[in-house]
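Inspection log for the structure reproduced underneath, given as C-alpha cells.
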Amino acid sequence: MSTVLVTGGAGYIGSHAVKALAQAGYDVVIYDDLSAGHRDAVEAIATRMPGRVIRLIEGDVADRARVTAAIRSSGAAAVMHFAAKLSVGESVTAPLKYYATNVTGTLTVLQAMAECGVDAFIFSSTAATFGEPARTPIDETHPQQPINAYGESKLAVERALPHLERAHGIRAVTLRYFNAAGADPDGWIGEDHSPEEHLIPRALAAADRGAALTVFGSDYPTPDGTCVRDFVHVTDLAQAHLLALEHLERGGGSGDYNLGNGQGVSVRELIASVERVTGREVAVVAGPRRAGDPAALVASSARIMRELRWQPRLAALDDIVATAWRWHHAHPNGYRSAEQD
Ligand SMILES: NC(=O)c1ccc[n+]([C@@H]2O[C@H](COP(=O)([O-])OP(=O)(O)OC[C@H]3O[C@@H](n4cnc5c(N)ncnc54)[C@H](O)[C@@H]3O)[C@@H](O)[C@H]2O)c1
C-alpha cells in the first residue's frame, strides 16, 4: 500500500482523514507547522494504530526546500492538502496571511510535487468560493464570486489547477466542503480550533458552561430568521477524500465536487439539537449580523454521489452533534485537557 503526504494533517479535518487513510491501510506522512494543529491528534491516532507508519514532519507549506524533501523522503504517491488559514473574519483584516499560506503555500506544494513527479492532488476548498448564493442548493455550476479574501485565496488555487495539469500532469480533485462538523465516533480525535469560531463547538461550550451563546443575526430571510447552514460530518468528509484518492489511483481525471449533507439547518434548529443531545439549555444572546455571512448555504452533493459513489453515513443532525458532544465532554479544553491529564 502506498504512502500519502497529508499537509495540515494535525488539524481538525486533516486528522480525521489521516485516521481514515491509516484504517484503509495507507502509510501517512503529515506535514504541518502546528500553527493550529495538534501533535496530540497525531499521537492519538499513531498510538492506536502501531502497525501503520504515521509520521509528523513539522514545517511551513511555503518552505519549498522542506516540502520537497518531505515528499521525496516519504516516497508519497499522492498529496492531500488541508493546510490553510481559514478564518473568514481574519482574512478581511489580514488578507496577506491568507494569500501567503493558501495561495503561495499551496502553489509551493504543487511545485514540489511537479519536481518530485507526484501527480495526484486532493485539495480542500470551500463553499466560500461561491460567495453570496444566487440559488440553493449550490451545485458545481453555481457562479464562483467570493466575498472575502479566504474564498478568493481558495478560488485562486482552483483556477490554477487546470494550468498545472496541462503543464505538469498533476491531476487534482477539489472538494468544496460546506460546514464540517462532529468528531470521530471512536472519540480518538475531535475539533479544537483556537479561537473557536464554529457554531457547534461554541454551542456545546455554552451548554457545558452555562454561558450565553451569541447568535449573529435573527432577521435573515429564512424561516426562523437565523442563518441556514449545511453541516457535514467530518468522518464523511474523510471518506470522500479516500474515494477521491482511489479515483486518482485508478488513473481517474481531475474533478471538482461540492460536499455537504444537502439539508439546511438554521442556527436555532442547531441550538435545539444541542439542547436535545446534551439535555442542557443553551442561553442565547441576540447579536448583529456578521459581515459576509450569507443567509443560507446548502450544498448539492449529487455529483460526488454519482461519480465517486460518496454517501454521507452520519447525516442526521442529532447524530452529528452527539459525536461532537462526546468529544467535547471528554476534552472540555480541547487537546489541552489531554495534556493536563
Ligand atoms: N472547518 C470547516 O468547516 C471547513 C470548511 C471548508 C473548507 N475547509 C478547509 O479544510 C481545511 C482544513 O480545515 P480545518 O477545519 O481542519 O482547519 P485546522 O486549522 O484545524 O487545520 C489546518 C491545519 O493546517 C496547518 N497549517 C496552517 N498553516 C500552515 C502552514 N503555513 N504550513 C503548514 N501547516 C499549516 C495547521 O497547523 C492545522 O493543523 C482547510 O484548508 C480549510 O480551508 C474547512
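Residues in the C-alpha cells are numbered from 1 in each chain, the chains being A, B, ... in the order shown, and ligands are numbered from 1 in the order shown.
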Would you give me, as a tab-separated table, each residue of chain A having an atom within 8 Å of an atom of ligand 1, along with its shortest atom pair and that distance in Å to one decimal, using only C-alpha atoms and all ligand atoms and sorting by chain and residue number?
```
residue	atom	partner	partner_atom_place_in_ligand_line	distance
A:Thr7	CA	ligand 1	34 (N)	6.1
A:Gly8	CA	ligand 1	24 (O)	3.5
A:Gly9	CA	ligand 1	39 (O)	5.8
A:Ala10	CA	ligand 1	39 (O)	4.3
A:Gly11	CA	ligand 1	39 (O)	3.3
A:Tyr12	CA	ligand 1	16 (O)	3.6
A:Ile13	CA	ligand 1	16 (O)	3.7
A:Gly14	CA	ligand 1	16 (O)	5.4
A:Ser15	CA	ligand 1	16 (O)	7.5
A:Tyr31	CA	ligand 1	33 (C)	6.3
A:Asp32	CA	ligand 1	34 (N)	3.7
A:Asp33	CA	ligand 1	33 (C)	4.1
A:Leu34	CA	ligand 1	37 (O)	3.7
A:Ser35	CA	ligand 1	37 (O)	4.0
A:Ala36	CA	ligand 1	37 (O)	3.6
A:Gly37	CA	ligand 1	39 (O)	3.0
A:His38	CA	ligand 1	39 (O)	6.5
A:Glu58	CA	ligand 1	33 (C)	7.6
A:Gly59	CA	ligand 1	33 (C)	5.6
A:Asp60	CA	ligand 1	32 (N)	3.4
A:Val61	CA	ligand 1	32 (N)	4.0
A:Ala62	CA	ligand 1	31 (N)	6.1
A:His81	CA	ligand 1	41 (O)	7.0
A:Phe82	CA	ligand 1	41 (O)	4.2
A:Ala83	CA	ligand 1	24 (O)	3.3
A:Ala84	CA	ligand 1	41 (O)	4.4
A:Lys85	CA	ligand 1	27 (C)	5.5
A:Leu86	CA	ligand 1	43 (O)	4.8
A:Ala100	CA	ligand 1	31 (N)	7.9
A:Thr101	CA	ligand 1	31 (N)	5.0
A:Asn102	CA	ligand 1	41 (O)	7.7
A:Gly105	CA	ligand 1	31 (N)	6.5
A:Phe123	CA	ligand 1	41 (O)	7.7
A:Ser124	CA	ligand 1	41 (O)	4.8
A:Ser125	CA	ligand 1	7 (C)	5.2
A:Thr126	CA	ligand 1	6 (C)	4.1
A:Ala127	CA	ligand 1	6 (C)	6.3
A:Ala128	CA	ligand 1	6 (C)	7.5
A:Tyr150	CA	ligand 1	43 (O)	7.9
A:Lys154	CA	ligand 1	43 (O)	7.5
A:Arg176	CA	ligand 1	6 (C)	6.3
A:Tyr177	CA	ligand 1	6 (C)	4.4
A:Phe178	CA	ligand 1	5 (C)	5.3
A:Asn179	CA	ligand 1	3 (O)	4.1
A:Ala180	CA	ligand 1	3 (O)	3.8
A:Ala181	CA	ligand 1	3 (O)	6.7
A:Glu191	CA	ligand 1	20 (O)	7.1
A:Asp192	CA	ligand 1	20 (O)	6.9
A:His193	CA	ligand 1	20 (O)	5.9
A:His198	CA	ligand 1	3 (O)	7.4
```
* Got a sec to tell me which of segment 198-308 of chain A DSSP assigns to alpha helix (DSSP H), as a VMD selection string? -> chain A and resid 199 to 209 234 to 249 267 to 278 302 to 307
Requested write-out: N, CA and C atoms of the selected residues, as a short mmCIF file (atom, residue, chain, number, x, y, z; two decimals), in the first residue's frame:
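Contents of again_17.cif, freshly written:
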```
data_model
loop_
_atom_site.label_atom_id
_atom_site.label_comp_id
_atom_site.auth_asym_id
_atom_site.auth_seq_id
_atom_site.Cartn_x
_atom_site.Cartn_y
_atom_site.Cartn_z
N LEU A 199 -19.92 27.01 14.93
CA LEU A 199 -21.14 27.08 15.75
C LEU A 199 -21.31 25.90 16.70
N ILE A 200 -21.10 24.68 16.22
CA ILE A 200 -21.40 23.52 17.08
C ILE A 200 -20.50 23.52 18.34
N PRO A 201 -19.17 23.62 18.20
CA PRO A 201 -18.37 23.65 19.44
C PRO A 201 -18.70 24.84 20.34
N ARG A 202 -19.06 25.98 19.73
CA ARG A 202 -19.41 27.14 20.56
C ARG A 202 -20.70 26.85 21.32
N ALA A 203 -21.68 26.24 20.64
CA ALA A 203 -22.96 25.94 21.30
C ALA A 203 -22.76 24.88 22.39
N LEU A 204 -21.88 23.91 22.13
CA LEU A 204 -21.62 22.87 23.13
C LEU A 204 -20.93 23.46 24.35
N ALA A 205 -19.98 24.36 24.10
CA ALA A 205 -19.28 25.00 25.23
C ALA A 205 -20.28 25.82 26.05
N ALA A 206 -21.21 26.48 25.36
CA ALA A 206 -22.22 27.28 26.07
C ALA A 206 -23.09 26.35 26.92
N ALA A 207 -23.50 25.22 26.35
CA ALA A 207 -24.34 24.27 27.09
C ALA A 207 -23.58 23.74 28.30
N ASP A 208 -22.30 23.46 28.09
CA ASP A 208 -21.48 22.85 29.14
C ASP A 208 -21.25 23.81 30.31
N ARG A 209 -20.95 25.08 29.95
CA ARG A 209 -20.53 26.03 31.00
C ARG A 209 -21.66 26.91 31.48
N VAL A 234 -17.47 15.18 9.75
CA VAL A 234 -16.05 15.18 9.39
C VAL A 234 -15.58 13.79 8.95
N THR A 235 -16.19 12.74 9.48
CA THR A 235 -15.82 11.38 9.05
C THR A 235 -16.33 11.12 7.63
N ASP A 236 -17.47 11.70 7.29
CA ASP A 236 -17.96 11.58 5.91
C ASP A 236 -17.06 12.36 4.96
N LEU A 237 -16.54 13.50 5.43
CA LEU A 237 -15.58 14.24 4.60
C LEU A 237 -14.32 13.40 4.39
N ALA A 238 -13.85 12.78 5.46
CA ALA A 238 -12.65 11.94 5.36
C ALA A 238 -12.87 10.82 4.35
N GLN A 239 -14.06 10.24 4.38
CA GLN A 239 -14.41 9.17 3.44
C GLN A 239 -14.36 9.67 2.00
N ALA A 240 -14.83 10.90 1.79
CA ALA A 240 -14.80 11.48 0.43
C ALA A 240 -13.35 11.60 -0.06
N HIS A 241 -12.43 11.92 0.87
CA HIS A 241 -11.02 12.01 0.47
C HIS A 241 -10.47 10.65 0.05
N LEU A 242 -10.88 9.60 0.75
CA LEU A 242 -10.44 8.25 0.37
C LEU A 242 -10.95 7.88 -1.02
N LEU A 243 -12.23 8.20 -1.27
CA LEU A 243 -12.81 7.89 -2.58
C LEU A 243 -12.09 8.68 -3.68
N ALA A 244 -11.76 9.94 -3.39
CA ALA A 244 -11.04 10.76 -4.37
C ALA A 244 -9.66 10.17 -4.65
N LEU A 245 -9.01 9.71 -3.58
CA LEU A 245 -7.67 9.11 -3.73
C LEU A 245 -7.75 7.83 -4.59
N GLU A 246 -8.73 6.98 -4.28
CA GLU A 246 -8.87 5.74 -5.04
C GLU A 246 -9.15 6.04 -6.52
N HIS A 247 -9.94 7.09 -6.74
CA HIS A 247 -10.26 7.52 -8.12
C HIS A 247 -8.96 7.91 -8.85
N LEU A 248 -8.12 8.70 -8.19
CA LEU A 248 -6.87 9.13 -8.84
C LEU A 248 -5.92 7.94 -9.01
N GLU A 249 -5.92 7.02 -8.04
CA GLU A 249 -5.06 5.83 -8.16
C GLU A 249 -5.46 4.94 -9.33
N VAL A 267 -29.59 28.18 12.60
CA VAL A 267 -28.87 28.29 13.88
C VAL A 267 -29.79 27.89 15.03
N ARG A 268 -31.04 28.32 14.96
CA ARG A 268 -31.98 27.94 16.04
C ARG A 268 -32.22 26.43 16.08
N GLU A 269 -32.34 25.81 14.91
CA GLU A 269 -32.52 24.34 14.87
C GLU A 269 -31.30 23.63 15.44
N LEU A 270 -30.12 24.19 15.13
CA LEU A 270 -28.89 23.59 15.65
C LEU A 270 -28.86 23.69 17.18
N ILE A 271 -29.26 24.83 17.70
CA ILE A 271 -29.25 25.02 19.16
C ILE A 271 -30.25 24.03 19.80
N ALA A 272 -31.40 23.85 19.15
CA ALA A 272 -32.40 22.90 19.68
C ALA A 272 -31.80 21.49 19.71
N SER A 273 -31.04 21.14 18.69
CA SER A 273 -30.40 19.82 18.66
C SER A 273 -29.38 19.70 19.80
N VAL A 274 -28.59 20.75 20.01
CA VAL A 274 -27.60 20.73 21.11
C VAL A 274 -28.32 20.54 22.44
N GLU A 275 -29.46 21.18 22.60
CA GLU A 275 -30.21 21.04 23.87
C GLU A 275 -30.73 19.61 24.03
N ARG A 276 -31.23 19.01 22.94
CA ARG A 276 -31.72 17.62 23.00
C ARG A 276 -30.58 16.66 23.36
N VAL A 277 -29.46 16.83 22.66
CA VAL A 277 -28.35 15.88 22.84
C VAL A 277 -27.71 16.01 24.22
N THR A 278 -27.53 17.24 24.68
CA THR A 278 -26.82 17.44 25.96
C THR A 278 -27.78 17.40 27.15
N ALA A 302 -24.83 16.00 -5.40
CA ALA A 302 -25.27 14.98 -6.36
C ALA A 302 -24.10 14.48 -7.22
N ARG A 303 -23.17 15.41 -7.58
CA ARG A 303 -22.09 14.99 -8.48
C ARG A 303 -21.16 13.97 -7.83
N ILE A 304 -20.75 14.23 -6.59
CA ILE A 304 -19.81 13.29 -5.95
C ILE A 304 -20.52 11.98 -5.60
N MET A 305 -21.83 12.06 -5.34
CA MET A 305 -22.58 10.82 -5.08
C MET A 305 -22.62 9.96 -6.35
N ARG A 306 -22.80 10.64 -7.47
CA ARG A 306 -22.92 9.92 -8.75
C ARG A 306 -21.55 9.42 -9.22
N GLU A 307 -20.55 10.31 -9.20
CA GLU A 307 -19.28 9.97 -9.85
C GLU A 307 -18.33 9.19 -8.95
#
```
* Asked: Which is closest to Ser301 of chain A among A:Val265, A:Pro137, A:Arg166, A:Ala78, if we use only C-alpha atoms?
  ->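 Smallest separation from Ser301 of chain A among the options: A:Pro137.
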* **Nearest to His331 of chain A by atom-to-atom distance, counting only C-alpha atoms, from A:Ala134, A:Val173, A:Ala149, A:Ile189** =>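 When distances to His331 of chain A are compared using only C-alpha atoms, the smallest one comes from A:Ile189.
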* Please identify all polymer residues within 7 Å of Pro312 of chain A, counting only C-alpha atoms, omitting same-chain residues fewer than 2 positions from it, and present them as a list in words. =>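 With the cut-off at 7 Å, the set is Asp236, Asn261, Trp310, Leu314 and Ala315 of chain A.
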Can I get the selected residues back with N, CA, C and O atoms, as a PDB file, in the first residue's frame?
```pdb
ATOM      1  N   ASP A 236     -17.471  11.698   7.292  1.00  0.00           N
ATOM      2  CA  ASP A 236     -17.959  11.578   5.914  1.00  0.00           C
ATOM      3  C   ASP A 236     -17.061  12.362   4.956  1.00  0.00           C
ATOM      4  O   ASP A 236     -16.823  11.935   3.817  1.00  0.00           O
ATOM      5  N   ASN A 261     -24.375  17.857   3.333  1.00  0.00           N
ATOM      6  CA  ASN A 261     -25.440  16.906   3.622  1.00  0.00           C
ATOM      7  C   ASN A 261     -26.657  17.122   2.732  1.00  0.00           C
ATOM      8  O   ASN A 261     -27.523  16.265   2.646  1.00  0.00           O
ATOM      9  N   TRP A 310     -20.020   8.583  -3.289  1.00  0.00           N
ATOM     10  CA  TRP A 310     -19.979   9.032  -1.889  1.00  0.00           C
ATOM     11  C   TRP A 310     -21.390   9.067  -1.299  1.00  0.00           C
ATOM     12  O   TRP A 310     -22.331   9.432  -1.981  1.00  0.00           O
ATOM     13  N   LEU A 314     -23.231   9.646   8.487  1.00  0.00           N
ATOM     14  CA  LEU A 314     -23.688  10.274   9.744  1.00  0.00           C
ATOM     15  C   LEU A 314     -24.427  11.559   9.366  1.00  0.00           C
ATOM     16  O   LEU A 314     -23.952  12.669   9.650  1.00  0.00           O
ATOM     17  N   ALA A 315     -25.574  11.391   8.731  1.00  0.00           N
ATOM     18  CA  ALA A 315     -26.254  12.553   8.159  1.00  0.00           C
ATOM     19  C   ALA A 315     -27.238  13.203   9.125  1.00  0.00           C
ATOM     20  O   ALA A 315     -27.563  14.381   8.984  1.00  0.00           O
TER      21      ALA A 315
END
```
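One finds atom CA of Gly169 of chain A at 26.7 Å from atom CA of Ala20 of chain A.
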* Write down as a PyMOL selection string the residues belonging to segment 101-321 of chain A that are assigned strand (DSSP E) by DSSP computed on the backbone. => chain A and resi 120-126+171-177+179-181+213-216+228-229+231-233+255-259+265-266+284-287
Write out as a short mmCIF file (atom, residue, chain, number, x, y, z; two decimals) with C-alpha atoms, in the first residue's frame each polymer residue whose atoms come within 9 Å of Lys19 of chain A, counting only C-alpha atoms; drop sequence neighbours fewer than 6 positions from it.
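And here's part.cif as it stands now:
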```cif
data_model
loop_
_atom_site.label_atom_id
_atom_site.label_comp_id
_atom_site.auth_asym_id
_atom_site.auth_seq_id
_atom_site.Cartn_x
_atom_site.Cartn_y
_atom_site.Cartn_z
CA VAL A 42 -1.33 12.72 15.53
CA ILE A 45 -4.03 8.01 16.01
CA ALA A 46 -0.46 6.68 15.88
CA MET A 49 -2.50 2.02 15.09
CA ALA A 238 -12.65 11.94 5.36
#
```
* To do: Please identify all polymer residues within 10 Å of Met113 of chain A, counting only C-alpha atoms, omitting same-chain residues fewer than 2 positions from it, and present them as a list in words.
  =>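 Listing them by chain and then by number gives Val67, Thr68, Ile71, Arg72, Ala76, Ala77, Ala78, Val79, Leu107, Thr108, Val109, Leu110, Gln111, Glu115, Cys116, Gly117, Val118, Asp119, Ala120, Phe121, His168 and Ile170 of chain A.
Of the residues under consideration (A:Arg289, A:Lys97, A:Arg66, A:Arg52), A:Arg289 shows the shortest atom-to-atom contact distance to Gly225 of chain A when counting only C-alpha atoms.
We find atom CA of Pro50 of chain A and atom CA of Gln23 of chain A to be spaced 11.3 Å apart.
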* Would you kindly return, as number ranges by chain, each protein, DNA or RNA residue with an atom no farther than 7 Å from any atom of Val157 of chain A, considering only C-alpha atoms and excluding same-chain residues fewer than 4 positions away? => A: 103, 153, 161
* Please, what distance in Å, to one decimal, runs between atom CA of Ser74 of chain A and atom CA of Thr104 of chain A? -> 22.4 Å
Spatial neighbours of Asp293 of chain A, 12 Å, only C-alpha atoms, chain gap at least 2 places, as an mmCIF file with N, CA and C atoms, in the first residue's frame:
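Below you can see result.cif, which holds the result:
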```cif
data_model
loop_
_atom_site.group_PDB
_atom_site.id
_atom_site.type_symbol
_atom_site.label_atom_id
_atom_site.label_comp_id
_atom_site.auth_asym_id
_atom_site.auth_seq_id
_atom_site.Cartn_x
_atom_site.Cartn_y
_atom_site.Cartn_z
ATOM 1 N N VAL A 88 -12.712 33.456 8.136
ATOM 2 C CA VAL A 88 -13.225 34.438 7.174
ATOM 3 C C VAL A 88 -12.963 35.855 7.678
ATOM 4 N N GLY A 89 -13.268 36.108 8.954
ATOM 5 C CA GLY A 89 -13.104 37.455 9.520
ATOM 6 C C GLY A 89 -11.663 37.907 9.456
ATOM 7 N N ALA A 127 -17.111 26.228 0.441
ATOM 8 C CA ALA A 127 -18.324 26.894 -0.029
ATOM 9 C C ALA A 127 -18.107 28.401 -0.164
ATOM 10 N N ALA A 128 -17.085 28.926 0.555
ATOM 11 C CA ALA A 128 -16.823 30.369 0.496
ATOM 12 C C ALA A 128 -16.370 30.824 -0.888
ATOM 13 N N GLY A 131 -19.422 32.653 -2.646
ATOM 14 C CA GLY A 131 -19.900 33.969 -2.232
ATOM 15 C C GLY A 131 -21.382 33.940 -1.901
ATOM 16 N N GLU A 132 -22.039 35.031 -2.168
ATOM 17 C CA GLU A 132 -23.480 35.150 -1.877
ATOM 18 C C GLU A 132 -24.231 34.239 -2.852
ATOM 19 N N PRO A 133 -24.965 33.232 -2.351
ATOM 20 C CA PRO A 133 -25.579 32.296 -3.297
ATOM 21 C C PRO A 133 -26.712 32.917 -4.125
ATOM 22 N N PRO A 146 -16.390 34.934 -4.745
ATOM 23 C CA PRO A 146 -16.139 35.055 -3.301
ATOM 24 C C PRO A 146 -16.297 36.490 -2.815
ATOM 25 N N ILE A 147 -16.667 36.619 -1.533
ATOM 26 C CA ILE A 147 -16.840 37.960 -0.979
ATOM 27 C C ILE A 147 -15.826 38.244 0.133
ATOM 28 N N ASN A 148 -14.809 37.385 0.260
ATOM 29 C CA ASN A 148 -13.741 37.677 1.226
ATOM 30 C C ASN A 148 -12.441 37.048 0.718
ATOM 31 N N PHE A 216 -25.569 35.475 15.696
ATOM 32 C CA PHE A 216 -25.306 36.643 14.865
ATOM 33 C C PHE A 216 -26.381 36.809 13.793
ATOM 34 N N GLY A 217 -27.364 37.604 14.100
ATOM 35 C CA GLY A 217 -28.415 37.917 13.123
ATOM 36 C C GLY A 217 -29.641 37.055 13.303
ATOM 37 N N TYR A 220 -32.670 37.400 9.116
ATOM 38 C CA TYR A 220 -32.378 36.918 7.756
ATOM 39 C C TYR A 220 -33.672 36.426 7.098
ATOM 40 N N THR A 226 -32.762 33.073 11.394
ATOM 41 C CA THR A 226 -31.318 32.868 11.619
ATOM 42 C C THR A 226 -30.705 32.211 10.379
ATOM 43 N N CYS A 227 -29.375 32.271 10.301
ATOM 44 C CA CYS A 227 -28.667 31.720 9.131
ATOM 45 C C CYS A 227 -28.919 30.222 8.996
ATOM 46 N N VAL A 228 -28.937 29.759 7.760
ATOM 47 C CA VAL A 228 -29.112 28.332 7.475
ATOM 48 C C VAL A 228 -27.796 27.803 6.903
ATOM 49 N N ARG A 229 -27.315 26.692 7.456
ATOM 50 C CA ARG A 229 -26.053 26.092 7.010
ATOM 51 C C ARG A 229 -26.231 24.591 6.790
ATOM 52 N N PRO A 288 -25.637 41.245 16.344
ATOM 53 C CA PRO A 288 -25.855 41.754 14.984
ATOM 54 C C PRO A 288 -25.401 40.737 13.935
ATOM 55 N N ARG A 289 -25.810 40.931 12.705
ATOM 56 C CA ARG A 289 -25.292 40.092 11.610
ATOM 57 C C ARG A 289 -23.783 40.273 11.508
ATOM 58 N N ARG A 290 -23.085 39.231 11.077
ATOM 59 C CA ARG A 290 -21.650 39.369 10.807
ATOM 60 C C ARG A 290 -21.486 39.682 9.323
ATOM 61 N N ALA A 291 -20.538 40.591 9.027
ATOM 62 C CA ALA A 291 -20.303 40.940 7.612
ATOM 63 C C ALA A 291 -19.918 39.674 6.854
ATOM 64 N N ALA A 295 -27.247 34.355 3.983
ATOM 65 C CA ALA A 295 -28.413 33.863 4.727
ATOM 66 C C ALA A 295 -28.441 32.333 4.744
ATOM 67 N N ALA A 296 -28.228 31.717 3.580
ATOM 68 C CA ALA A 296 -28.348 30.252 3.510
ATOM 69 C C ALA A 296 -27.267 29.681 2.610
ATOM 70 N N LEU A 297 -26.605 28.622 3.083
ATOM 71 C CA LEU A 297 -25.601 27.906 2.279
ATOM 72 C C LEU A 297 -25.911 26.415 2.379
#
```
* Using only C-alpha atoms, pick whichever of A:Ile138, A:Ala69, A:Ala183, A:Leu164 has the shortest atom-to-atom distance to Trp327 of chain A. => A:Ala183
